[in-house]
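Novice: First the structure, which I've put down as structure tokens, then a few questions once you've had a look.
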Amino acid sequence: MRNSSDSKKYKNSFLNWIEFRLPIVSYIEKEYVDYPMPKNCNYFWSFGAMATIILIVLIVSGIFLAMNYTPHTEMAFNSVERIMRDVNYGWLLRYMHSNGAAFFFIIVYIHILRGMYYGSYKYPRELNWILGVFIFLLMMATAFLGYVLPWGQMSYWGATVITNLFSAIPIVGDGIKTWILGDYTVGNATLNRFFALHYVLPFVILGIVGLHVAAVHVHGSNNPSGIEIKSNQDSVKFFPYMLVKDTIATCVLGVIISIVIFFGPNLMAEVDNYIPANPLVTPSHIVANWYLAPFYAILRAIPDKLGGVLLMFSAIFILFVLPWLDTSKTRSCNFRPIYKWFMMLFFINFFVLGYVGMMPAEGLYLLVARIGLVYYFVFILILTPLIGKIEKPQTLPASISDTY
Amino acid sequence: MRFLFFLIILFLSTNNLFSAETSSKSMPKHEWSFKGITGTFDRSAVQRGYKVFREVCSGCHSMNLLYYRDLLDIGFSEDQIKAIASEYTVMDGPNDEGEMYERPAKLADRFVDPYSNEQEARISNNGSYPPDLSVITKARKYGVDYIYNLLIGYTDAPNDFEIGEGMYYNEWMEGNQLAMAQPLDDEYVDYDDGTNNSLPQLAEDVVTFLAWSAEPELEVRKKLGIRAILFFVVIGFLFYFVKIRLWKNIN
């Protein structure tokens with residue numbers, strides 16, 4: 001039982017009043033003020049904070065968009081254009097939302113690749129990594145659902161292509177597809193449920209982000225040397241040392257995202273989505289959102305529909321077991337002379353896959369997609385366990401302050 | 001540092017993604033008043049462009065997303081717009097007797113369609129459906145440059161080119177033929193302000209009008225953009241100096 005003298009630690013009596021009833025003040029103090037960060041963390045450790053900020057911006061702008069949007073096949077396209085034209089600063093809301101989603105993916109991709117390069121997924125942070133993969137999966141689902149809402153040509157045909165994938169599942173496939181669509185084809189029922197799901201999933205993401213952050217705070221953040229904090233010499237307090245770095249990083253992001261939102265808001269959009277959806281006219285080629293393109297490339301690289309679907313989903317689900325596939329005890333690739341180069345190649349390969357995923361699946365592009373797909377899986381399934389066994393890592397520094 | 005290198009590659013490669021699908025023939029770029037960081041719509045060009053649209057394009061093309069009141073933005077007075085709108089009739093009703101009736105269009109009405117439905121549009125246009133022009137510059141690759149080149153790009157088909165029945169040759173159209181006959185030529189529209197009405201001028205003006213109709217927020221957007229960027233730059237530098245002082249004591 002707490003007695004009231006326990007919670008006289010703050011000068012502000014209101015904080016003491018809160019703290020006595022709900023110890024949220026000391027929680028925030030512990031997790032966001034005094035929380036020790038390894039002092040050698042570089043700016044790649046700001047991408048988690050930036051992703052959270054973008055998520056909140058997306059949710060807030062999305063709520064205001066939803067107030068003005070009509071999820072009906074006859075009205076959706078025009079209601080989006082009404083937002084752009086007649087709602088006060090509606091164009092800003094919409095461009096923030098659509099470009100913000102693209103930047104959310106850029107940030108999260110860098111965040112994931114940083115985690116891979118510095119081995120942040122290894123013991124004892126495996127669960128943290130798994131939660132992150134869940135966030136990534138939900139992000140992809142949410143982005144896909146959101147892309148359908150403006151009800152342009154690419155919305156309609158993208159929805160048709162992606163939901164058709166489910167019909168590749170033997171026996172139950174067609175049933176599942178109809179169940180998802182709420183109809184036999186993409187139609188008003190589909191648009192309605194996609195809107196409902198697109199509204200709710202971001203809050204699920206936000207919840208998992210909460211767990212993701214709570215989990216990383218248990219053992220503390222990894223760092224470029226991949227060694228644990230051993231003394232106070234190795235760490236700085238989150239406030240103000242890391243917060244100021246996160247703020248600088250956010251400002252840089254703010255400049256870049258503003259350039260896109262205000263001076264090229266449609267650079268990352270498909271022109272076909274400004275044509276209202278028409279079930280009778282198929283666009284000359286249906287492209288995925290560019291941020292999903294690497295996985296779209298894997299899907300199309302396989303001539304068999306079911307095989308492509310399975311491979312595409314396994315490309316993501318395989319990430320769940322990455323912590324156990326990696327046999328090396330050394331976290332950071334800075335100290336792994338062989339694996340480092342294969343890791344770099346994996347990054348490049350990922351972007352190459354994204355590039356060919358945007359191009360028509362034929363000729364050289366198809367060949368490149370297949371080579372990229374093979375490397376993607378070989379790297380994770382074979383090279384990662386194998387190199388961990390045979391590689392001799394460099395000697396790790398004794399402490400973080402030695403490397404700083 | 002090595003990672004920074006990859007960040008740069010990331011941005012370069014995403015840039016490539018945007019410009020990935022370049023065709024064999026590159027689209028000639030035209031000089032536009034509204035391009036660039038501080039670009040604005042040339043009001044008189046937009047007004048002239050509206051005249052071209054009204055006298056030529058609107059014979060076949062709808063512009064569903066615009067209201068007559070939107071013309072206030074491009075410098076027409078309320079009386080001018082009332083006069084323009086009253087030339088069109090819209091179906092309204094039912095009135096107190098339950099009858100539908102026709103009345104002249106008002107400021108609050110959408111631009112009146114040339115056809116009452118898609119079937120009528122098709123039968124009048126050799127089976128083709130003229131697309132709505134409200135956001136056409138956003139709905140086509142290369143946007144304004146594409147529309148401009150299309151309008152001035154009608155030529156005779158090369159001898160070896162087999163052109164379809166009722167189709168016209170245009171080197172900028174996908175498949176090089178389209179159902180729209182050459183819509184504009186020298187002196188097709190008379191300008192009130194005495195501007196030279198050659199084909200390139202007519203095309204430039206009408207495309208400027210279409211660009212405005214697709215992105216009426218462009219000027220406000222760019223103005224706000226400069227402020228937003230300045231805000232982040234100033235705050236960013238401020239915190240950068242704070243960071244330097246703060247971290248000086250860490251080793």
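By order of appearance in the structure tokens: chains A, B, ..., then residues from 1 within every chain, and ligands from 1 in the order shown.
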Excluding Ile135 of chain A and residues on its chain fewer than 4 positions from it, collect all residues at most 8 Å away from it, counting only C-alpha atoms, and give them as a PyMOL selection string.
Specialist: chain A and resi 131+139+205+208-209
Novice: Specify as a PyMOL selection string all residues of chain A found within 9 Å of chain B, counting only C-alpha atoms.
Specialist: chain A and resi 39+44+78+81-82+84-85+89+91-92+106+110+114+236+240-241+244-245+247-256+258-259+261-263+266-275+290+344+347-348+351-352+354-355+358-359+401+404
Novice: Keeping only C-alpha atoms, take the residues you just selected and write them out as a PDB file, in the first residue's frame.
Specialist:
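Generated file (part-v1.pdb):
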```pdb
ATOM      1  CA  LYS A  39      25.519   7.731 -26.636  1.00  0.00           C
ATOM      2  CA  PHE A  44      19.466   6.216 -37.936  1.00  0.00           C
ATOM      3  CA  ASN A  78     -16.204  13.507 -56.471  1.00  0.00           C
ATOM      4  CA  GLU A  81     -12.212  16.246 -55.403  1.00  0.00           C
ATOM      5  CA  ARG A  82     -14.586  18.293 -53.278  1.00  0.00           C
ATOM      6  CA  MET A  84      -9.396  19.226 -52.814  1.00  0.00           C
ATOM      7  CA  ARG A  85     -11.453  22.178 -54.033  1.00  0.00           C
ATOM      8  CA  TYR A  89      -7.180  23.492 -46.796  1.00  0.00           C
ATOM      9  CA  TRP A  91      -5.930  19.875 -50.553  1.00  0.00           C
ATOM     10  CA  LEU A  92      -3.357  20.154 -47.782  1.00  0.00           C
ATOM     11  CA  ILE A 106      10.384   5.265 -46.739  1.00  0.00           C
ATOM     12  CA  ILE A 110      15.130   2.674 -43.452  1.00  0.00           C
ATOM     13  CA  ARG A 114      18.917  -0.165 -39.908  1.00  0.00           C
ATOM     14  CA  VAL A 236      23.038   9.716 -22.219  1.00  0.00           C
ATOM     15  CA  PRO A 240      17.385  16.301 -23.761  1.00  0.00           C
ATOM     16  CA  TYR A 241      20.249  14.579 -25.583  1.00  0.00           C
ATOM     17  CA  VAL A 244      17.245  17.180 -29.605  1.00  0.00           C
ATOM     18  CA  LYS A 245      18.669  14.810 -32.219  1.00  0.00           C
ATOM     19  CA  THR A 247      13.957  17.022 -33.372  1.00  0.00           C
ATOM     20  CA  ILE A 248      16.709  17.854 -35.856  1.00  0.00           C
ATOM     21  CA  ALA A 249      15.947  14.682 -37.807  1.00  0.00           C
ATOM     22  CA  THR A 250      12.243  15.548 -37.824  1.00  0.00           C
ATOM     23  CA  CYS A 251      12.998  19.030 -39.149  1.00  0.00           C
ATOM     24  CA  VAL A 252      15.050  17.560 -42.001  1.00  0.00           C
ATOM     25  CA  LEU A 253      12.151  15.236 -42.746  1.00  0.00           C
ATOM     26  CA  GLY A 254       9.814  18.215 -42.542  1.00  0.00           C
ATOM     27  CA  VAL A 255      11.801  20.053 -45.200  1.00  0.00           C
ATOM     28  CA  ILE A 256      11.893  17.060 -47.543  1.00  0.00           C
ATOM     29  CA  SER A 258       7.207  19.835 -47.516  1.00  0.00           C
ATOM     30  CA  ILE A 259       9.047  20.003 -50.833  1.00  0.00           C
ATOM     31  CA  ILE A 261       3.644  18.078 -50.532  1.00  0.00           C
ATOM     32  CA  PHE A 262       3.765  21.679 -51.706  1.00  0.00           C
ATOM     33  CA  PHE A 263       5.754  21.511 -54.915  1.00  0.00           C
ATOM     34  CA  ASN A 266       1.400  14.146 -57.373  1.00  0.00           C
ATOM     35  CA  LEU A 267       4.941  12.959 -58.117  1.00  0.00           C
ATOM     36  CA  MET A 268       4.344   9.732 -56.236  1.00  0.00           C
ATOM     37  CA  ALA A 269       0.785   9.239 -57.475  1.00  0.00           C
ATOM     38  CA  GLU A 270      -0.410   7.372 -60.526  1.00  0.00           C
ATOM     39  CA  VAL A 271      -2.015   9.654 -63.119  1.00  0.00           C
ATOM     40  CA  ASP A 272      -4.681   7.026 -63.825  1.00  0.00           C
ATOM     41  CA  ASN A 273      -6.117   7.570 -60.358  1.00  0.00           C
ATOM     42  CA  TYR A 274      -7.427  10.955 -61.457  1.00  0.00           C
ATOM     43  CA  ILE A 275      -9.724   9.110 -63.868  1.00  0.00           C
ATOM     44  CA  TRP A 290       5.728   2.098 -55.515  1.00  0.00           C
ATOM     45  CA  MET A 344      24.648  -4.211 -48.599  1.00  0.00           C
ATOM     46  CA  PHE A 347      19.640  -3.538 -49.654  1.00  0.00           C
ATOM     47  CA  ILE A 348      20.530  -2.850 -53.274  1.00  0.00           C
ATOM     48  CA  PHE A 351      15.580  -1.436 -54.429  1.00  0.00           C
ATOM     49  CA  VAL A 352      16.202  -3.236 -57.700  1.00  0.00           C
ATOM     50  CA  GLY A 354      11.179  -2.250 -56.303  1.00  0.00           C
ATOM     51  CA  TYR A 355      12.299  -0.820 -59.620  1.00  0.00           C
ATOM     52  CA  MET A 358       7.107  -0.797 -61.347  1.00  0.00           C
ATOM     53  CA  MET A 359       8.009  -1.936 -64.849  1.00  0.00           C
ATOM     54  CA  SER A 401      32.522   4.901 -24.589  1.00  0.00           C
ATOM     55  CA  TYR A 404      32.551   7.046 -29.180  1.00  0.00           C
TER      56      TYR A 404
END
```
Novice: What is the atom CA of Gly372 of chain A-atom CA of Arg300 of chain A distance in Å, reported with one decimal?
Specialist: 12.2 Å
Novice: Give me the residues near segment 110-125 of chain B as a list of chain:residue names, where near means some atom within 9 Å (using only C-alpha atoms) and where sequence neighbours in that chain fewer than 5 positions away do not count.
Specialist: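 Skipping anything fewer than 5 positions along the chain leaves B:Ser58, B:Gly59, B:Cys60, B:His61, B:Ser62, B:Met63, B:Asn64, B:Leu65, B:Leu66, B:Tyr67, B:Tyr68, B:Arg69, B:Ala85, B:Tyr88, B:Thr89, B:Val90, B:Ala105, B:Pro130, B:Ala179, B:Met180.
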Novice: A:Arg336, A:Lys237, A:His285, A:Arg125: which is nearest His212 of chain A, counting only C-alpha atoms?
Specialist: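 Closest residue, counting only C-alpha atoms: A:Arg125.
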Novice: What does the distance from atom CA of Ser235 of chain A to atom CA of Met37 of chain A come to in Å, to one decimal?
Specialist: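 Spanning atom CA of Ser235 of chain A to atom CA of Met37 of chain A is a straight-line distance of 5.2 Å.
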Novice: Among segment 186-337 of chain A, which residues carry a DSSP assignment of strand (DSSP E or B), reported as an mmCIF file with N, CA and C atoms, in the first residue's frame?
Specialist:
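Listing of part15.cif after writing:
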```
data_model
loop_
_atom_site.group_PDB
_atom_site.id
_atom_site.type_symbol
_atom_site.label_atom_id
_atom_site.label_comp_id
_atom_site.auth_asym_id
_atom_site.auth_seq_id
_atom_site.Cartn_x
_atom_site.Cartn_y
_atom_site.Cartn_z
ATOM 1 N N SER A 235 26.096 5.924 -21.690
ATOM 2 C CA SER A 235 24.758 6.350 -22.096
ATOM 3 C C SER A 235 24.533 7.837 -21.837
ATOM 4 N N VAL A 236 23.530 8.368 -22.507
ATOM 5 C CA VAL A 236 23.038 9.716 -22.219
ATOM 6 C C VAL A 236 21.541 9.599 -21.938
ATOM 7 N N LYS A 237 21.007 10.601 -21.237
ATOM 8 C CA LYS A 237 19.565 10.588 -20.999
ATOM 9 C C LYS A 237 18.834 10.923 -22.289
ATOM 10 N N PRO A 276 -11.952 8.642 -62.960
ATOM 11 C CA PRO A 276 -12.877 7.873 -62.110
ATOM 12 C C PRO A 276 -12.903 6.395 -62.501
#
```
Novice: When you count only C-alpha atoms, which of these residues is closest to Glu87 of chain B: B:Gly127, B:Pro28, B:Pro104, B:Pro158?
Specialist: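 Distance minimum relative to Glu87 of chain B lands on B:Pro104.
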Novice: One decimal, in Å: what's the spacing between atom CA of Ile302 of chain A and atom CA of Arg370 of chain A?
Specialist: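 Distance reported for this atom pair: 7.9 Å.
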Novice: Quick one: residues within 9 Å of Ala143 of chain A, only C-alpha atoms counted, chain neighbours fewer than 6 positions away excluded, as a list in words?
Specialist: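 Contacts, in chain order: Ala101, Ala102, His198 and Asn289 of chain A.
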Novice: I want to know what sits within 9 Å of Leu292 of chain A, based on only C-alpha atoms, with residues of the same chain fewer than 6 positions away left out; could you give that as a VMD selection string?
Specialist: chain A and resid 105 140 144 354 357
Novice: Would you mind exporting C-alpha atoms of the selected residues as a PDB file, in the first residue's frame?
Specialist:
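Output (again.pdb):
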```pdb
ATOM      1  CA  PHE A 105       7.050   3.619 -45.860  1.00  0.00           C
ATOM      2  CA  MET A 140       0.821  -2.646 -46.126  1.00  0.00           C
ATOM      3  CA  PHE A 144      -3.673  -0.873 -49.906  1.00  0.00           C
ATOM      4  CA  GLY A 354      11.179  -2.250 -56.303  1.00  0.00           C
ATOM      5  CA  GLY A 357       8.108  -4.101 -59.733  1.00  0.00           C
TER       6      GLY A 357
END
```
Novice: Excluding Ser167 of chain A and any residue of its chain fewer than 6 positions from it, enumerate the residues within 10 Å of it, using only C-alpha atoms, and give them as an MDAnalysis selection string.
Specialist: chainID A and resid 173:178 305:306
Novice: Nearest to Ala297 of chain A: which of A:Asp234, A:Glu362, A:Asp34, A:Asp326 is it, counting only C-alpha atoms?
Specialist: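 So, comparing all the options, the nearest one is A:Glu362.
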Novice: List the neighbours of Phe379 of chain A out to 8 Å using only C-alpha atoms; skip same-chain residues closer than 5 positions along the sequence, and give me the result as a ChimeraX atom specification.
Specialist: /A:342,346,384
Novice: If you run DSSP over the backbone, which residues in segment 123-224 of chain B end up helix (DSSP H, G or I)? Put them as a PyMOL selection string.
Specialist: chain B and resi 123-124+143-152+174-176+199-214+218-224
Novice: Choose the residue, out of A:Gly363, A:Pro202, A:Gly48, A:Pro150, that has the smallest atom-to-atom separation from Thr70 of chain A; count only C-alpha atoms.
Specialist: A:Pro150
